[in-house]
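> Take a look at work00.cif, mmCIF, C-alpha atoms:
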```
data_my_file
#
loop_
_atom_site.group_PDB
_atom_site.id
_atom_site.type_symbol
_atom_site.label_atom_id
_atom_site.label_comp_id
_atom_site.auth_asym_id
_atom_site.auth_seq_id
_atom_site.Cartn_x
_atom_site.Cartn_y
_atom_site.Cartn_z
ATOM 1 C CA VAL A 1 -3.362 5.160 -23.599
ATOM 2 C CA GLN A 2 -2.380 6.625 -20.246
ATOM 3 C CA LEU A 3 -0.251 4.806 -17.706
ATOM 4 C CA GLN A 4 -0.308 5.783 -14.043
ATOM 5 C CA ALA A 5 2.529 4.510 -11.882
ATOM 6 C CA SER A 6 2.481 4.535 -8.105
ATOM 7 C CA GLY A 7 4.039 2.868 -5.097
ATOM 8 C CA GLY A 8 7.539 4.291 -4.962
ATOM 9 C CA GLY A 9 9.154 5.512 -1.787
ATOM 10 C CA LEU A 10 12.068 5.274 0.601
ATOM 11 C CA VAL A 11 13.006 1.903 2.051
ATOM 12 C CA GLN A 12 15.987 0.413 3.831
ATOM 13 C CA ALA A 13 18.169 -2.173 2.159
ATOM 14 C CA GLY A 14 16.568 -5.592 2.415
ATOM 15 C CA GLY A 15 13.083 -4.139 2.433
ATOM 16 C CA SER A 16 10.245 -4.431 -0.055
ATOM 17 C CA LEU A 17 8.071 -2.195 -2.178
ATOM 18 C CA ARG A 18 5.275 -2.859 -4.649
ATOM 19 C CA LEU A 19 4.832 -0.655 -7.684
ATOM 20 C CA SER A 20 1.530 -0.465 -9.529
ATOM 21 C CA CYS A 21 0.807 0.574 -13.096
ATOM 22 C CA ALA A 22 -2.779 1.316 -14.033
ATOM 23 C CA ALA A 23 -3.710 1.812 -17.666
ATOM 24 C CA SER A 24 -6.615 3.882 -18.944
ATOM 25 C CA GLY A 25 -7.910 5.075 -22.273
ATOM 26 C CA SER A 26 -7.570 2.792 -25.285
ATOM 27 C CA THR A 27 -6.190 -0.114 -23.280
ATOM 28 C CA PHE A 28 -7.176 -2.540 -26.051
ATOM 29 C CA LEU A 29 -4.132 -1.213 -27.935
ATOM 30 C CA ILE A 30 -1.715 -2.463 -25.288
ATOM 31 C CA ASP A 31 0.397 -5.495 -26.138
ATOM 32 C CA GLY A 32 3.136 -6.066 -23.567
ATOM 33 C CA ILE A 33 3.660 -4.005 -20.433
ATOM 34 C CA GLY A 34 6.540 -3.622 -18.064
ATOM 35 C CA TRP A 35 8.877 -1.500 -16.002
ATOM 36 C CA TYR A 36 12.034 0.422 -16.805
ATOM 37 C CA ARG A 37 14.236 2.312 -14.403
ATOM 38 C CA GLN A 38 16.759 5.110 -14.646
ATOM 39 C CA PRO A 39 19.354 5.297 -11.891
ATOM 40 C CA PRO A 40 20.952 8.692 -11.206
ATOM 41 C CA GLY A 41 23.353 9.594 -13.986
ATOM 42 C CA LYS A 42 22.681 6.420 -15.946
ATOM 43 C CA GLN A 43 20.594 5.340 -18.910
ATOM 44 C CA ARG A 44 17.120 3.938 -18.650
ATOM 45 C CA GLU A 45 17.072 0.127 -18.504
ATOM 46 C CA LEU A 46 14.475 -2.611 -18.674
ATOM 47 C CA VAL A 47 13.637 -4.140 -15.304
ATOM 48 C CA ALA A 48 10.802 -6.551 -16.063
ATOM 49 C CA GLY A 49 8.077 -7.125 -18.599
ATOM 50 C CA ILE A 50 5.040 -9.276 -19.182
ATOM 51 C CA SER A 51 3.706 -10.090 -22.617
ATOM 52 C CA SER A 52 0.073 -10.242 -23.651
ATOM 53 C CA GLY A 53 0.408 -14.011 -23.395
ATOM 54 C CA GLY A 54 1.694 -13.840 -19.843
ATOM 55 C CA THR A 55 5.375 -14.523 -20.536
ATOM 56 C CA THR A 56 7.645 -12.650 -18.159
ATOM 57 C CA ASN A 57 11.216 -11.484 -18.532
ATOM 58 C CA TYR A 58 13.586 -9.861 -16.059
ATOM 59 C CA ALA A 59 16.880 -8.068 -16.005
ATOM 60 C CA ASP A 60 19.590 -10.336 -14.601
ATOM 61 C CA SER A 61 20.154 -7.898 -11.750
ATOM 62 C CA VAL A 62 16.620 -8.374 -10.387
ATOM 63 C CA LYS A 63 15.954 -12.053 -11.091
ATOM 64 C CA GLY A 64 14.822 -13.846 -7.969
ATOM 65 C CA ARG A 65 14.056 -10.586 -6.177
ATOM 66 C CA PHE A 66 11.433 -8.848 -8.351
ATOM 67 C CA THR A 67 8.165 -10.282 -9.641
ATOM 68 C CA ILE A 68 5.918 -8.753 -12.275
ATOM 69 C CA SER A 69 2.265 -9.733 -12.297
ATOM 70 C CA ARG A 70 -1.183 -8.518 -13.219
ATOM 71 C CA ASP A 71 -4.645 -8.971 -11.755
ATOM 72 C CA ASN A 72 -6.414 -9.226 -15.087
ATOM 73 C CA VAL A 73 -5.540 -8.630 -18.671
ATOM 74 C CA LYS A 74 -3.090 -5.703 -18.725
ATOM 75 C CA ASN A 75 -4.651 -3.624 -15.942
ATOM 76 C CA PRO A 76 -3.193 -3.142 -13.399
ATOM 77 C CA VAL A 77 0.328 -4.482 -13.494
ATOM 78 C CA TYR A 78 2.400 -4.860 -10.349
ATOM 79 C CA LEU A 79 6.113 -5.037 -9.679
ATOM 80 C CA GLN A 80 6.837 -6.658 -6.337
ATOM 81 C CA MET A 81 10.366 -5.744 -5.294
ATOM 82 C CA ASN A 82 11.943 -7.725 -2.464
ATOM 83 C CA SER A 83 15.422 -7.751 -0.972
ATOM 84 C CA LEU A 84 15.999 -4.246 -2.257
ATOM 85 C CA LYS A 85 19.551 -3.000 -2.615
ATOM 86 C CA PRO A 86 20.915 0.553 -2.758
ATOM 87 C CA GLU A 87 21.710 -0.034 -6.435
ATOM 88 C CA ASP A 88 17.987 -0.437 -7.087
ATOM 89 C CA THR A 89 17.618 3.281 -6.391
ATOM 90 C CA ALA A 90 16.145 4.850 -9.512
ATOM 91 C CA VAL A 91 13.131 6.454 -11.073
ATOM 92 C CA TYR A 92 10.884 3.614 -12.211
ATOM 93 C CA TYR A 93 8.725 4.014 -15.306
ATOM 94 C CA CYS A 94 5.784 1.976 -16.484
ATOM 95 C CA HIS A 95 5.949 1.186 -20.201
ATOM 96 C CA ALA A 96 3.683 -0.520 -22.697
ATOM 97 C CA THR A 97 4.072 -1.654 -26.270
ATOM 98 C CA SER A 98 1.287 -1.273 -28.759
ATOM 99 C CA LYS A 99 -0.526 -3.714 -30.988
ATOM 100 C CA LEU A 100 -0.201 -1.026 -33.661
ATOM 101 C CA GLY A 101 3.487 -1.786 -34.022
ATOM 102 C CA SER A 102 6.921 -1.140 -32.604
ATOM 103 C CA GLU A 103 6.870 2.525 -33.540
ATOM 104 C CA TYR A 104 4.153 3.073 -30.953
ATOM 105 C CA GLU A 105 4.821 2.896 -27.239
ATOM 106 C CA TYR A 106 3.405 4.372 -24.084
ATOM 107 C CA TRP A 107 5.143 5.695 -20.995
ATOM 108 C CA GLY A 108 3.844 6.544 -17.571
ATOM 109 C CA GLN A 109 5.295 9.174 -15.295
ATOM 110 C CA GLY A 110 8.157 7.995 -13.148
ATOM 111 C CA THR A 111 7.969 7.001 -9.517
ATOM 112 C CA GLN A 112 11.035 7.381 -7.310
ATOM 113 C CA VAL A 113 12.418 4.387 -5.461
ATOM 114 C CA THR A 114 15.181 5.108 -2.978
ATOM 115 C CA VAL A 115 16.923 2.323 -1.078
ATOM 116 C CA SER A 116 19.093 3.409 1.822
ATOM 117 C CA SER A 117 22.036 1.366 3.024
#
```
Produce structure tokens that represent the structure in this file.


Amino acid sequence: VQLQASGGGLVQAGGSLRLSCAASGSTFLIDGIGWYRQPPGKQRELVAGISSGGTTNYADSVKGRFTISRDNVKNPVYLQMNSLKPEDTAVYYCHATSKLGSEYEYWGQGTQVTVSS
């Protein structure tokens, strides 16, 4: 499974960006899919996820501002980010869990999101 993230960039506070994650390869192995981010000097954290059944979950810090969605089953997955804040600045990573079990997971390359104040 390969995950390709895109859509990052530089935006002013209050602005919006939409990230996309496209999966290829053995996509039938994908269970849930979502986004993590790693701010400068901090640990990677979960931002939002969507299960194979369509259930979504969000970090408290982005609830009401970010929306995760997908056009069809698992491919692609979008993260609509509104009302962006400088603290949202981070490298955002697409991530997927595998139907093979928790010991398997897939990561895309990061995409930089920078929010200026």

> Skipping near chain neighbours, those fewer than 5 positions away, what residues fall within 7 Å of Leu79 in chain A using only C-alpha atoms, listed as a ChimeraX atom specification?

/A:18-20,66-69

> When the PyMOL selection byres ((chain A and resi 31) around 9) is applied to the structure above, which residues does it catch, written out as a list of chain:residue names?

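Here the PyMOL selection byres ((chain A and resi 31) around 9) matches A:Thr27, A:Phe28, A:Leu29, A:Ile30, A:Gly32, A:Ile33, A:Ser51, A:Ser52, A:Gly53, A:Lys74, A:Ala96, A:Thr97, A:Ser98, A:Lys99, A:Leu100.
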
> Run the PyMOL selection byres ((chain A and resi 95) around 9) mentally over the shown coordinates, then write out the matched residues as a PyMOL selection string, using the chain letters and numbers from the document.

chain A and resi 3+21+32-36+49+93-94+96-97+105-108

> What separation in Å, quoted to one decimal, exists between CA of Gly64 in chain A and CA of Val47 in chain A?

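Answer for the CA of Gly64 in chain A to CA of Val47 in chain A separation: 12.2 Å.
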
> Provide the CA of Gly8 in chain A to CA of Glu87 in chain A distance in Å, to one decimal place.

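CA of Glu87 in chain A lies 14.9 Å from CA of Gly8 in chain A.
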
> Within 12 Å of Ala13 in chain A, counting all atoms listed in the file, which residues show up once you throw out same-chain ones fewer than 6 positions away? Write them as a PyMOL selection string, please.

chain A and resi 81-89+113-117

> Provide the CA of Gln2 in chain A to CA of Gln38 in chain A distance in Å, to one decimal place.

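Computed distance, CA of Gln2 in chain A to CA of Gln38 in chain A, equals 20.0 Å.
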
> Have a look at A:Gly25, A:Gly101, A:Pro40, A:Gly54 and name the one nearest to Gln4 in chain A; count only C-alpha atoms.

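Of A:Gly25, A:Gly101, A:Pro40, A:Gly54, the one nearest Gln4 in chain A is A:Gly25, counting only C-alpha atoms.
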
> Considering all atoms listed in the file, state which residue in the set A:Ala48, A:Thr56, A:Gln43, A:Arg65 is at the smallest distance from Gly15 in chain A.

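Nearest candidate to Gly15 in chain A out of A:Ala48, A:Thr56, A:Gln43, A:Arg65: A:Arg65.
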
> Would you compute, for all listed atoms of range 56-75 of chain A, the axis-aligned bounding box grown by 8 Å on each side, and then report its centre and edge lengths in Å rounded to one decimal, as AutoDock Vina command-line options?


```
--center_x 6.9 --center_y -8.7 --center_z -12.5 --size_x 42.6 --size_y 26.2 --size_z 28.5
```

> Output the residue selection produced by the PyMOL selection byres ((chain A and resi 91) around 7) on the file above, formatted as a PyMOL selection string.

chain A and resi 37-39+90+92-93+110-113
